[in-house]
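Here is the file structure35.csv (CSV, C-alpha atoms).
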chain,number,residue,atom,x,y,z
A,1,MET,CA,0.0,0.0,0.0
A,2,ALA,CA,1.4,3.4,-1.0
A,3,THR,CA,2.2,5.7,1.9
A,4,ALA,CA,1.8,9.5,1.7
A,5,LYS,CA,5.5,9.7,1.1
A,6,ASP,CA,5.4,7.3,-1.8
A,7,LEU,CA,2.5,9.2,-3.3
A,8,ARG,CA,4.5,12.3,-3.4
A,9,THR,CA,7.0,10.7,-5.7
A,10,LEU,CA,4.3,9.5,-8.2
A,11,GLY,CA,3.0,11.4,-11.2
A,12,ASP,CA,-0.5,12.8,-11.3
A,13,ARG,CA,-1.7,10.0,-13.5
A,14,GLU,CA,-0.6,7.3,-11.1
A,15,VAL,CA,-2.1,9.2,-8.1
A,16,VAL,CA,-5.4,9.5,-10.0
A,17,ALA,CA,-5.3,5.8,-10.7
A,18,LEU,CA,-4.9,5.1,-7.0
A,19,ALA,CA,-7.7,7.5,-6.2
A,20,LYS,CA,-10.0,5.7,-8.6
A,21,ALA,CA,-9.2,2.5,-6.8
A,22,GLY,CA,-10.6,4.1,-3.6
A,23,LYS,CA,-7.4,5.3,-1.8
A,24,GLU,CA,-8.3,8.3,0.3
A,25,ALA,CA,-4.6,9.2,0.7
A,26,ALA,CA,-4.4,9.6,-3.1
A,27,TYR,CA,-7.4,12.1,-3.0
A,28,ARG,CA,-5.6,14.0,-0.3
A,29,GLU,CA,-2.4,14.0,-2.3
A,30,LEU,CA,-4.2,15.5,-5.3
A,31,LEU,CA,-5.7,18.1,-3.0
A,32,SER,CA,-2.3,19.1,-1.4
A,33,ARG,CA,-0.7,19.3,-4.9
A,34,TYR,CA,-3.3,21.6,-6.4
A,35,GLU,CA,-5.0,23.5,-3.5
A,36,ARG,CA,-2.5,26.4,-3.7
A,37,PRO,CA,-2.3,26.8,-7.5
A,38,VAL,CA,-6.0,26.4,-8.0
A,39,PHE,CA,-6.9,28.7,-5.1
A,40,SER,CA,-4.3,31.3,-6.2
A,41,LEU,CA,-5.6,31.3,-9.7
A,42,ILE,CA,-9.2,31.8,-8.6
A,43,TYR,CA,-8.3,34.3,-6.0
A,44,ARG,CA,-6.4,36.5,-8.4
A,45,MET,CA,-9.3,36.2,-10.9
A,46,VAL,CA,-12.2,37.0,-8.5
A,47,ARG,CA,-10.2,39.1,-6.0
A,48,ASP,CA,-12.4,38.0,-3.1
A,49,ARG,CA,-10.9,35.5,-0.6
A,50,ALA,CA,-14.2,34.0,0.7
A,51,LEU,CA,-15.6,33.7,-2.8
A,52,ALA,CA,-12.4,32.2,-4.1
A,53,GLU,CA,-12.4,29.6,-1.3
A,54,ASP,CA,-16.0,28.6,-2.2
A,55,LEU,CA,-15.2,28.4,-5.9
A,56,ALA,CA,-12.0,26.4,-5.2
A,57,GLN,CA,-14.0,24.0,-3.0
A,58,GLU,CA,-16.6,23.6,-5.7
A,59,THR,CA,-13.8,22.9,-8.3
A,60,PHE,CA,-12.2,20.2,-6.2
A,61,VAL,CA,-15.5,18.5,-5.3
A,62,LYS,CA,-16.4,18.5,-9.0
A,63,VAL,CA,-13.1,17.1,-10.1
A,64,LEU,CA,-12.7,14.5,-7.3
A,65,ASN,CA,-16.2,13.2,-7.7
A,66,ALA,CA,-15.7,12.9,-11.5
A,67,LEU,CA,-12.4,11.1,-11.5
A,68,ASP,CA,-14.0,8.2,-13.3
A,69,THR,CA,-14.5,10.5,-16.3
A,70,TYR,CA,-10.9,11.7,-16.3
A,71,ARG,CA,-9.1,10.6,-19.5
A,72,PRO,CA,-5.4,9.9,-18.8
A,73,GLU,CA,-4.3,11.1,-22.2
A,74,TYR,CA,-4.9,14.7,-21.0
A,75,LYS,CA,-2.9,16.3,-18.2
A,76,PHE,CA,-4.6,16.3,-14.9
A,77,SER,CA,-3.4,19.8,-14.2
A,78,SER,CA,-5.0,21.1,-17.5
A,79,TRP,CA,-8.3,19.5,-16.4
A,80,ILE,CA,-8.4,21.0,-13.0
A,81,PHE,CA,-7.2,24.4,-14.1
A,82,LYS,CA,-9.9,24.4,-16.8
A,83,ILE,CA,-12.6,23.7,-14.3
A,84,ALA,CA,-11.2,26.3,-11.9
A,85,ASN,CA,-10.9,28.9,-14.6
A,86,ASN,CA,-14.4,28.2,-15.9
A,87,ALA,CA,-15.8,28.6,-12.3
A,88,ALA,CA,-14.0,32.0,-12.0
A,89,ILE,CA,-15.0,33.3,-15.4
A,90,ASP,CA,-18.7,32.2,-14.7
A,91,GLN,CA,-18.5,34.1,-11.4
A,92,LEU,CA,-17.1,37.2,-13.0
A,93,ARG,CA,-19.9,37.1,-15.7
A,94,LYS,CA,-22.5,36.6,-13.0
A,95,ARG,CA,-21.1,39.5,-11.0
A,96,GLU,CA,-21.4,41.7,-14.1
A,97,VAL,CA,-25.0,40.7,-14.5
A,98,ASP,CA,-25.8,41.0,-10.8
A,99,THR,CA,-24.2,44.4,-10.5
A,100,LEU,CA,-26.8,46.8,-9.1
A,101,SER,CA,-26.9,50.4,-9.9
A,102,LEU,CA,-26.6,53.1,-7.2
A,103,ASP,CA,-30.3,53.8,-7.8
A,104,GLY,CA,-31.3,50.2,-6.9
A,105,ALA,CA,-32.3,47.2,-8.9
A,106,PRO,CA,-34.2,47.7,-12.1
A,107,GLY,CA,-37.3,46.1,-10.6
A,108,ALA,CA,-37.3,48.3,-7.5
A,109,ARG,CA,-40.5,50.4,-7.4
A,110,THR,CA,-41.0,51.7,-3.9
A,111,ALA,CA,-38.5,53.8,-1.9
A,112,ASP,CA,-37.9,50.9,0.5
A,113,GLU,CA,-37.1,48.6,-2.5
A,114,ILE,CA,-34.8,51.1,-4.0
A,115,GLU,CA,-33.0,51.6,-0.7
A,116,ALA,CA,-32.8,47.8,-0.1
A,117,THR,CA,-31.3,47.1,-3.5
A,118,ALA,CA,-29.1,50.1,-4.0
A,119,LEU,CA,-25.4,49.5,-4.1
A,120,GLN,CA,-23.8,50.3,-0.8
A,121,ALA,CA,-20.5,52.0,-0.6
A,122,VAL,CA,-18.5,49.7,1.7
A,123,ASP,CA,-15.6,50.8,3.7
A,124,ARG,CA,-13.4,47.8,2.9
A,125,GLY,CA,-10.9,48.9,5.6
A,126,GLU,CA,-13.4,47.9,8.3
A,127,SER,CA,-13.5,44.2,7.5
A,128,PRO,CA,-10.5,42.1,8.6
A,129,LEU,CA,-11.0,39.9,5.5
A,130,ALA,CA,-11.0,43.0,3.2
A,131,GLU,CA,-7.8,44.2,5.0
A,132,LEU,CA,-6.2,40.9,4.4
A,133,GLU,CA,-7.2,41.0,0.7
A,134,ALA,CA,-5.9,44.6,0.4
A,135,ARG,CA,-2.6,43.5,1.8
A,136,GLU,CA,-2.4,40.3,-0.3
A,137,LEU,CA,-3.4,41.8,-3.6
A,138,GLY,CA,-2.1,45.3,-2.8
A,139,SER,CA,1.3,45.2,-4.6
A,140,GLN,CA,1.6,47.2,-7.8
A,141,ILE,CA,1.8,44.1,-10.0
A,142,GLU,CA,-1.2,42.5,-8.3
A,143,GLN,CA,-3.2,45.7,-8.8
A,144,ALA,CA,-2.1,45.8,-12.5
A,145,ILE,CA,-3.1,42.1,-12.9
A,146,GLY,CA,-6.5,43.0,-11.5
A,147,LYS,CA,-7.1,45.6,-14.2
A,148,LEU,CA,-6.5,43.1,-17.1
A,149,ARG,CA,-9.4,41.5,-19.0
A,150,PRO,CA,-10.3,38.1,-17.4
A,151,GLU,CA,-9.0,36.2,-20.4
A,152,TYR,CA,-5.6,38.0,-20.3
A,153,ARG,CA,-5.5,37.5,-16.6
A,154,THR,CA,-5.9,33.7,-16.9
A,155,ALA,CA,-3.3,33.5,-19.6
A,156,ILE,CA,-0.7,35.6,-17.9
A,157,LEU,CA,-1.2,33.9,-14.5
A,158,LEU,CA,-1.0,30.4,-15.9
A,159,ARG,CA,2.1,31.3,-18.0
A,160,HIS,CA,4.2,33.5,-15.7
A,161,VAL,CA,2.9,32.6,-12.2
A,162,GLU,CA,2.1,28.9,-12.6
A,163,GLY,CA,4.8,28.3,-15.2
A,164,ARG,CA,2.5,26.4,-17.6
A,165,ALA,CA,3.4,25.7,-21.2
A,166,TYR,CA,1.5,27.6,-24.0
A,167,GLU,CA,0.0,24.4,-25.2
A,168,GLU,CA,-1.4,23.6,-21.8
A,169,ILE,CA,-2.8,27.1,-21.4
A,170,ALA,CA,-4.5,26.7,-24.8
A,171,GLU,CA,-6.0,23.5,-23.5
A,172,VAL,CA,-7.2,25.1,-20.3
A,173,MET,CA,-8.7,28.1,-22.1
A,174,ASP,CA,-10.1,26.1,-25.1
A,175,LEU,CA,-8.3,28.5,-27.4
A,176,PRO,CA,-5.9,28.2,-30.4
A,177,LEU,CA,-2.3,28.4,-29.5
A,178,GLY,CA,-1.8,31.6,-31.5
A,179,THR,CA,-4.6,33.3,-29.6
A,180,VAL,CA,-3.0,32.4,-26.3
A,181,LYS,CA,0.3,33.8,-27.3
A,182,THR,CA,-1.4,37.0,-28.5
A,183,TYR,CA,-3.3,37.3,-25.1
A,184,ILE,CA,0.0,36.8,-23.2
A,185,HIS,CA,1.8,39.4,-25.3
A,186,ARG,CA,-1.0,41.9,-25.0
A,187,ALA,CA,-1.3,41.3,-21.3
A,188,ARG,CA,2.4,42.0,-20.8
A,189,LEU,CA,2.1,45.2,-22.8
A,190,GLU,CA,-0.9,46.3,-20.7
A,191,LEU,CA,0.9,45.4,-17.4
A,192,ARG,CA,3.9,47.4,-18.6
A,193,GLU,CA,1.6,50.4,-19.2
A,194,TYR,CA,-0.2,50.1,-15.9
A,195,LEU,CA,3.1,49.8,-14.0
A,196,ALA,CA,4.5,52.8,-15.9
A,197,ASP,CA,1.5,54.8,-15.0
A,198,LEU,CA,1.7,53.7,-11.4
A,199,ARG,CA,5.4,54.8,-11.2
A,200,THR,CA,5.0,58.2,-12.7
B,1,MET,CA,18.9,52.5,-28.3
B,2,THR,CA,16.8,55.5,-27.2
B,3,ASP,CA,15.8,56.3,-23.6
B,4,LYS,CA,12.2,55.4,-24.5
B,5,GLN,CA,13.2,52.0,-25.8
B,6,LEU,CA,15.4,51.4,-22.8
B,7,ASP,CA,12.6,52.3,-20.4
B,8,ALA,CA,10.2,49.9,-22.2
B,9,GLY,CA,12.8,47.1,-22.1
B,10,ASP,CA,13.4,47.8,-18.4
B,11,LEU,CA,9.7,47.7,-17.7
B,12,ASP,CA,9.2,44.5,-19.6
B,13,LEU,CA,11.9,42.9,-17.5
B,14,THR,CA,10.4,44.3,-14.4
B,15,VAL,CA,7.0,42.9,-15.3
B,16,LEU,CA,8.4,39.4,-15.9
B,17,ARG,CA,10.5,39.5,-12.8
B,18,GLU,CA,7.6,40.6,-10.6
B,19,LEU,CA,5.3,38.1,-12.2
B,20,SER,CA,7.6,35.2,-11.6
B,21,ALA,CA,8.2,36.5,-8.0
B,22,LEU,CA,4.5,36.4,-7.2
B,23,GLY,CA,3.8,33.8,-4.5
B,24,SER,CA,0.9,31.5,-4.2
B,25,PHE,CA,-2.0,31.9,-1.8
B,26,ALA,CA,-3.3,29.2,0.5
B,27,PRO,CA,-6.9,28.6,1.3
B,28,GLY,CA,-8.1,28.8,4.9
B,29,ARG,CA,-7.5,26.1,7.5
B,30,GLY,CA,-9.5,22.9,7.1
B,31,PHE,CA,-10.0,23.5,3.4
B,32,SER,CA,-9.0,19.9,2.4
B,33,ASP,CA,-11.2,18.4,5.1
B,34,ARG,CA,-14.2,20.4,3.9
B,35,VAL,CA,-13.6,19.2,0.4
B,36,MET,CA,-13.1,15.6,1.5
B,37,ALA,CA,-16.3,15.7,3.4
B,38,ARG,CA,-18.1,16.2,0.1
B,39,VAL,CA,-16.2,13.7,-1.9
B,40,ARG,CA,-17.7,10.2,-2.5
B,41,LEU,CA,-14.9,7.7,-2.3
B,42,PRO,CA,-15.3,4.7,-4.6
B,43,GLN,CA,-16.4,1.5,-2.8
B,44,PRO,CA,-16.4,-2.2,-3.6
B,45,ALA,CA,-19.2,-3.1,-6.0
B,46,ALA,CA,-20.9,-5.4,-3.4
B,47,VAL,CA,-21.1,-2.6,-0.8
B,48,VAL,CA,-22.5,-0.2,-3.4
B,49,LEU,CA,-25.1,-2.7,-4.6
B,50,PHE,CA,-26.2,-3.5,-1.0
B,51,ARG,CA,-26.5,0.2,-0.2
B,52,ARG,CA,-28.4,0.9,-3.4
B,53,ALA,CA,-30.8,-2.0,-2.8
B,54,GLY,CA,-31.2,-0.8,0.8
B,55,SER,CA,-31.9,2.8,-0.2
B,56,TRP,CA,-34.2,1.6,-3.0
B,57,VAL,CA,-36.3,-0.6,-0.7
B,58,MET,CA,-36.4,2.1,2.1
B,59,GLN,CA,-38.0,4.7,-0.1
B,60,PRO,CA,-41.6,5.1,1.3
B,61,ARG,CA,-43.4,4.4,-2.0
B,62,ARG,CA,-41.5,1.2,-2.6
B,63,ALA,CA,-41.6,0.0,1.0
B,64,VAL,CA,-45.4,0.3,0.9
B,65,ALA,CA,-45.6,-1.5,-2.4
B,66,LEU,CA,-43.4,-4.3,-1.2
B,67,ALA,CA,-45.3,-4.7,2.1
B,68,THR,CA,-48.7,-4.7,0.2
B,69,ALA,CA,-47.5,-7.2,-2.3
B,70,TYR,CA,-46.2,-9.5,0.4
B,71,ALA,CA,-49.4,-9.2,2.5
B,72,ALA,CA,-51.5,-9.8,-0.6
B,73,SER,CA,-49.6,-12.9,-1.5
B,74,VAL,CA,-49.9,-14.3,2.0
B,75,ILE,CA,-53.7,-13.6,2.0
B,76,VAL,CA,-54.1,-15.2,-1.4
B,77,ALA,CA,-52.1,-18.2,-0.4
B,78,VAL,CA,-54.1,-18.6,2.9
B,79,ARG,CA,-57.5,-17.9,1.2
B,80,LEU,CA,-56.9,-20.4,-1.6
B,81,GLY,CA,-54.4,-22.8,-0.1
B,82,LEU,CA,-56.1,-23.7,3.2
B,83,PRO,CA,-59.4,-24.8,1.7
B,84,TRP,CA,-57.6,-26.8,-0.9
B,85,LEU,CA,-55.4,-28.4,1.7
B,86,GLY,CA,-58.5,-29.3,3.8
B,87,ALA,CA,-60.3,-30.8,0.8
B,88,HIS,CA,-57.3,-33.0,-0.1
B,89,ALA,CA,-56.1,-33.8,3.4
B,90,PRO,CA,-56.6,-37.6,3.1
B,91,ALA,CA,-54.8,-37.8,-0.2
B,92,LEU,CA,-52.1,-35.5,1.0
B,93,LYS,CA,-51.6,-37.6,4.2
B,94,LEU,CA,-51.4,-40.7,2.1
B,95,GLY,CA,-49.0,-39.1,-0.2
B,96,ILE,CA,-46.8,-37.8,2.6
B,97,ALA,CA,-46.8,-41.2,4.3
B,98,TRP,CA,-46.0,-42.8,1.0
B,99,LEU,CA,-43.2,-40.4,0.4
B,100,GLY,CA,-41.8,-41.1,3.9
B,101,THR,CA,-41.8,-44.8,3.2
B,102,GLN,CA,-40.6,-44.7,-0.3
B,103,LEU,CA,-37.7,-42.2,0.0
B,104,GLY,CA,-35.2,-45.1,0.1
B,105,ALA,CA,-36.4,-46.6,-3.2
B,106,VAL,CA,-34.9,-45.7,-6.5
B,107,GLY,CA,-35.3,-46.1,-10.2
B,108,ASN,CA,-37.9,-48.2,-11.9
B,109,ALA,CA,-39.1,-49.8,-8.7
B,110,VAL,CA,-40.1,-46.4,-7.4
B,111,ALA,CA,-41.8,-45.5,-10.7
B,112,LEU,CA,-43.7,-48.8,-10.8
B,113,ARG,CA,-44.7,-48.4,-7.2
B,114,VAL,CA,-45.9,-44.9,-7.8
B,115,ALA,CA,-48.0,-46.0,-10.8
B,116,ASP,CA,-49.4,-48.9,-8.8
B,117,TRP,CA,-50.2,-46.7,-5.8
B,118,ALA,CA,-51.8,-44.1,-8.0
B,119,ILE,CA,-54.1,-46.7,-9.5
B,120,GLN,CA,-54.8,-48.7,-6.4
B,121,SER,CA,-55.3,-45.8,-4.1
B,122,GLY,CA,-57.6,-43.9,-6.4
B,123,ALA,CA,-55.4,-40.8,-6.2
B,124,ALA,CA,-55.2,-40.6,-10.0
B,125,GLU,CA,-59.0,-40.8,-10.1
B,126,ALA,CA,-59.2,-38.1,-7.5
B,127,VAL,CA,-56.9,-35.7,-9.5
B,128,ARG,CA,-58.7,-36.5,-12.7
B,129,ALA,CA,-62.0,-35.7,-11.0
B,130,ALA,CA,-60.7,-32.4,-9.5
B,131,ALA,CA,-59.3,-31.4,-12.9
B,132,SER,CA,-62.5,-32.2,-14.7
B,133,SER,CA,-64.7,-30.4,-12.2
B,134,GLY,CA,-62.9,-27.2,-13.3
B,135,LYS,CA,-61.7,-26.0,-9.8
B,136,VAL,CA,-58.0,-26.6,-9.9
B,137,LEU,CA,-57.2,-25.0,-13.2
B,138,PRO,CA,-58.8,-21.6,-12.6
B,139,VAL,CA,-57.1,-21.4,-9.2
B,140,LEU,CA,-53.7,-22.2,-10.7
B,141,ALA,CA,-54.3,-19.8,-13.5
B,142,ALA,CA,-55.3,-17.0,-11.1
B,143,LEU,CA,-52.2,-17.6,-9.0
B,144,THR,CA,-49.9,-17.7,-12.0
B,145,ILE,CA,-51.4,-14.5,-13.5
B,146,GLY,CA,-51.3,-12.8,-10.1
B,147,TYR,CA,-47.6,-13.5,-9.5
B,148,ALA,CA,-46.8,-12.5,-13.1
B,149,VAL,CA,-48.6,-9.2,-12.7
B,150,GLY,CA,-46.8,-8.6,-9.3
B,151,GLY,CA,-43.5,-9.4,-10.9
B,152,TYR,CA,-44.0,-7.0,-13.7
B,153,GLY,CA,-45.1,-4.4,-11.2
B,154,PHE,CA,-41.8,-4.7,-9.3
B,155,TYR,CA,-39.9,-4.6,-12.6
B,156,ALA,CA,-41.7,-1.4,-13.6
B,157,LEU,CA,-40.9,0.1,-10.1
B,158,LEU,CA,-37.2,-0.8,-10.5
B,159,ARG,CA,-37.1,0.9,-13.9
B,160,ALA,CA,-38.9,4.1,-12.7
B,161,PRO,CA,-36.1,6.8,-12.3
B,162,ARG,CA,-35.6,8.1,-8.8
B,163,ARG,CA,-36.1,11.8,-8.3
B,164,HIS,CA,-32.5,12.7,-7.8
B,165,ASP,CA,-31.5,10.6,-10.9
B,166,ALA,CA,-33.9,12.7,-12.9
B,167,LEU,CA,-32.5,15.9,-11.4
B,168,ALA,CA,-28.9,14.8,-12.1
B,169,ARG,CA,-29.8,14.2,-15.8
B,170,SER,CA,-31.5,17.5,-16.2

Could the structure of this file be written out as structure tokens, please?
Amino acid sequence: MATAKDLRTLGDREVVALAKAGKEAAYRELLSRYERPVFSLIYRMVRDRALAEDLAQETFVKVLNALDTYRPEYKFSSWIFKIANNAAIDQLRKREVDTLSLDGAPGARTADEIEATALQAVDRGESPLAELEARELGSQIEQAIGKLRPEYRTAILLRHVEGRAYEEIAEVMDLPLGTVKTYIHRARLELREYLADLRT
Amino acid sequence: MTDKQLDAGDLDLTVLRELSALGSFAPGRGFSDRVMARVRLPQPAAVVLFRRAGSWVMQPRRAVALATAYAASVIVAVRLGLPWLGAHAPALKLGIAWLGTQLGAVGNAVALRVADWAIQSGAAEAVRAAASSGKVLPVLAALTIGYAVGGYGFYALLRAPRRHDALARS
């Protein structure tokens, strides 16, 4: 029986095979391998720690409960990053749709409804979580990443933070290789401009 | 190289350096336990089958159907079986006694003795009379049809999708 130490020496495919055979230690090994990269990607995408944790949890539950459907000819990392990225992008789209105006939700009729649904200006400094987020994502480069389009953000994070190959990023994002290269190039240009602005 | 080009090159290098220096974030404490609590670990097929059968039987609708079918079969058996047993008690007693005495016999001797007994005792005549009176065949037919219908009912129940299966497919 493979111990936790043995599992660390195995590749993703072998660990997945052991997990499929019902070894709980293999599930935990996959979790420990990917919890930081997956959480970091989602957190930098949605920029909200609690939400990122929920989405990361959903990603892992979805992946680990569907191991039977995993096809070993693909990289496990591509699969999990794809699901994580889709979860983050869906959330960002949902947030765009759900964004309420300062005058309240479109359906709000009465004064009470308008007040209840109007966007509240929150003093982020009051919440310890918000303070933590401001500290974690407060560096100039993190701020600049936050200003990128979500697709550029995914591409640049996977390439330069997670160190993934262009081919794998293309697989994760379901895009042609050339498009991924273009996204990364443009993202770097935009980051350069943001940083130049910040430093002047 | 102009100052502007130099600045752009410097900034590009800075961007790359800062990107590669970015650390990773860790989720909160207990994250993996929360995930594992929601993960279904694969189990041996026999355990899965037993659990599925258990949960299937324990669903209220099916439990009621099974109990009703069981009660109905017992009532039918008692209602039809007891009078028949009473009516044929002498022949049955004779048959049981004969079976007890004849268990040791084998082959042709047994077959010959059965035939002889059937003729001598009048059992063959009794069976022929019962069959010709039209009582035995309808009862046997009703029982057969009843069990066939019951069996098909269970089959249909087994095939009916459970609510959460239907939800999972939608």

For the interface of chain A with chain B (cut-off 7 Å, counting all atoms listed in the file), please tabulate each contacting residue of chain A alongside its nearest pair of atoms and their separation in Å to one decimal, rows sorted by chain and increasing number, as CSV.
residue,atom,partner,partner_atom,distance
A:Lys20,CA,B:Pro42,CA,6.7
A:Ala21,CA,B:Pro42,CA,6.8
A:Gly22,CA,B:Pro42,CA,4.8
A:Leu31,CA,B:Ser32,CA,6.6
A:Arg36,CA,B:Ala26,CA,5.1
A:Pro37,CA,B:Ser24,CA,6.6
A:Phe39,CA,B:Pro27,CA,6.4
A:Ser40,CA,B:Phe25,CA,5.0
A:Glu53,CA,B:Pro27,CA,6.2
A:Gln57,CA,B:Val35,CA,5.9
A:Phe60,CA,B:Val35,CA,6.8
A:Val61,CA,B:Val39,CA,5.9
A:Leu64,CA,B:Val39,CA,6.5
A:Asn65,CA,B:Val39,CA,5.8
A:Ile141,CA,B:Glu18,CA,6.8
A:His160,CA,B:Ser20,CA,5.6
A:Val161,CA,B:Ser20,CA,5.4
A:Leu191,CA,B:Val15,CA,6.9
A:Arg192,CA,B:Leu11,CA,5.9

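For the set A:Glu190, A:Glu24, A:Asp90, A:Glu58, the residue with the smallest atom-to-atom gap to Arg149 (chain A) is A:Glu190, counting all atoms listed in the file.
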
So what do you get for CA of Tyr194 (chain A) versus CA of Gly163 (chain A), distance-wise?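 Interatomic distance here is 22.4 Å.
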
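Of note, CA of Lys93 (chain B) and CA of Gly134 (chain B) are spaced 23.3 Å apart.
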
Distance criterion (all atoms listed in the file): nearest to Gln143 (chain A) out of A:Leu195, A:Val63, A:Leu51, A:Leu129: A:Leu195

Residues near Ile145 (chain A), cut-off 9 Å, all atoms listed in the file, skip fewer than 4 positions along chain, as a count of residues only: 11

Just give me the residues with any atom within 12 Å of (-0.9, 21.7, -11.2), file coordinates, counting all atoms listed in the file, written as a PyMOL selection string. chain A and resi 11-13+29-41+75-82+84+158+161-165+168-169+172

So that I can check the surroundings of Arg62 (chain B), please list as a PyMOL selection string every protein, DNA and RNA residue that reaches within 9 Å of it, counting all atoms listed in the file and ignoring chain neighbours fewer than 6 positions away. chain B and resi 56+154+157

What is the CA of Lys62 (chain A)-CA of Ile83 (chain A) distance in Å, reported with one decimal?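 Here the two named atoms are 8.3 Å from each other.
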
Point out the residue among A:Leu67, A:Ala144, A:Leu132, A:Ala170 with the least atom-to-atom distance to Thr182 (chain A), counting all atoms listed in the file.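 So, comparing all the options, the nearest one is A:Ala170.
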
From the set A:Ala50, A:Gly178, A:Ile89, A:Lys5, which residue has the shortest atom-to-atom contact distance to Arg28 (chain A), counting all atoms listed in the file?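 Under the stated criterion, the closest residue is A:Lys5.
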
Taking N, CA and C atoms as the atom set, what does region 34-49 of chain B look like once completed, written as a PDB file, in the frame of the given file?
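Full text of part_32.pdb as output:
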ATOM      1  N   ARG B  34     -12.869  20.034   4.384  1.00  0.00           N
ATOM      2  CA  ARG B  34     -14.200  20.400   3.900  1.00  0.00           C
ATOM      3  C   ARG B  34     -14.456  19.820   2.513  1.00  0.00           C
ATOM      4  N   VAL B  35     -13.404  19.798   1.708  1.00  0.00           N
ATOM      5  CA  VAL B  35     -13.600  19.200   0.400  1.00  0.00           C
ATOM      6  C   VAL B  35     -13.806  17.684   0.529  1.00  0.00           C
ATOM      7  N   MET B  36     -12.972  17.039   1.347  1.00  0.00           N
ATOM      8  CA  MET B  36     -13.100  15.600   1.500  1.00  0.00           C
ATOM      9  C   MET B  36     -14.430  15.149   2.043  1.00  0.00           C
ATOM     10  N   ALA B  37     -15.027  16.020   2.865  1.00  0.00           N
ATOM     11  CA  ALA B  37     -16.300  15.700   3.400  1.00  0.00           C
ATOM     12  C   ALA B  37     -17.404  15.613   2.320  1.00  0.00           C
ATOM     13  N   ARG B  38     -17.136  16.243   1.188  1.00  0.00           N
ATOM     14  CA  ARG B  38     -18.100  16.200   0.100  1.00  0.00           C
ATOM     15  C   ARG B  38     -17.728  15.319  -1.062  1.00  0.00           C
ATOM     16  N   VAL B  39     -16.635  14.586  -0.865  1.00  0.00           N
ATOM     17  CA  VAL B  39     -16.200  13.700  -1.900  1.00  0.00           C
ATOM     18  C   VAL B  39     -16.661  12.271  -1.657  1.00  0.00           C
ATOM     19  N   ARG B  40     -17.199  11.633  -2.696  1.00  0.00           N
ATOM     20  CA  ARG B  40     -17.700  10.200  -2.500  1.00  0.00           C
ATOM     21  C   ARG B  40     -16.516   9.319  -2.972  1.00  0.00           C
ATOM     22  N   LEU B  41     -15.962   8.608  -1.989  1.00  0.00           N
ATOM     23  CA  LEU B  41     -14.900   7.700  -2.300  1.00  0.00           C
ATOM     24  C   LEU B  41     -15.442   6.438  -2.976  1.00  0.00           C
ATOM     25  N   PRO B  42     -14.752   5.905  -3.999  1.00  0.00           N
ATOM     26  CA  PRO B  42     -15.300   4.700  -4.600  1.00  0.00           C
ATOM     27  C   PRO B  42     -15.241   3.519  -3.607  1.00  0.00           C
ATOM     28  N   GLN B  43     -16.263   2.667  -3.684  1.00  0.00           N
ATOM     29  CA  GLN B  43     -16.400   1.500  -2.800  1.00  0.00           C
ATOM     30  C   GLN B  43     -16.499   0.245  -3.542  1.00  0.00           C
ATOM     31  N   PRO B  44     -16.225  -0.924  -2.877  1.00  0.00           N
ATOM     32  CA  PRO B  44     -16.400  -2.200  -3.600  1.00  0.00           C
ATOM     33  C   PRO B  44     -17.814  -2.329  -4.130  1.00  0.00           C
ATOM     34  N   ALA B  45     -17.914  -3.003  -5.282  1.00  0.00           N
ATOM     35  CA  ALA B  45     -19.200  -3.100  -6.000  1.00  0.00           C
ATOM     36  C   ALA B  45     -20.280  -3.725  -5.091  1.00  0.00           C
ATOM     37  N   ALA B  46     -19.901  -4.730  -4.276  1.00  0.00           N
ATOM     38  CA  ALA B  46     -20.900  -5.400  -3.400  1.00  0.00           C
ATOM     39  C   ALA B  46     -21.506  -4.449  -2.429  1.00  0.00           C
ATOM     40  N   VAL B  47     -20.644  -3.598  -1.840  1.00  0.00           N
ATOM     41  CA  VAL B  47     -21.100  -2.600  -0.800  1.00  0.00           C
ATOM     42  C   VAL B  47     -22.064  -1.630  -1.511  1.00  0.00           C
ATOM     43  N   VAL B  48     -21.640  -1.169  -2.697  1.00  0.00           N
ATOM     44  CA  VAL B  48     -22.500  -0.200  -3.400  1.00  0.00           C
ATOM     45  C   VAL B  48     -23.831  -0.797  -3.749  1.00  0.00           C
ATOM     46  N   LEU B  49     -23.803  -2.059  -4.217  1.00  0.00           N
ATOM     47  CA  LEU B  49     -25.100  -2.700  -4.600  1.00  0.00           C
ATOM     48  C   LEU B  49     -25.973  -2.896  -3.390  1.00  0.00           C
TER      49      LEU B  49
END
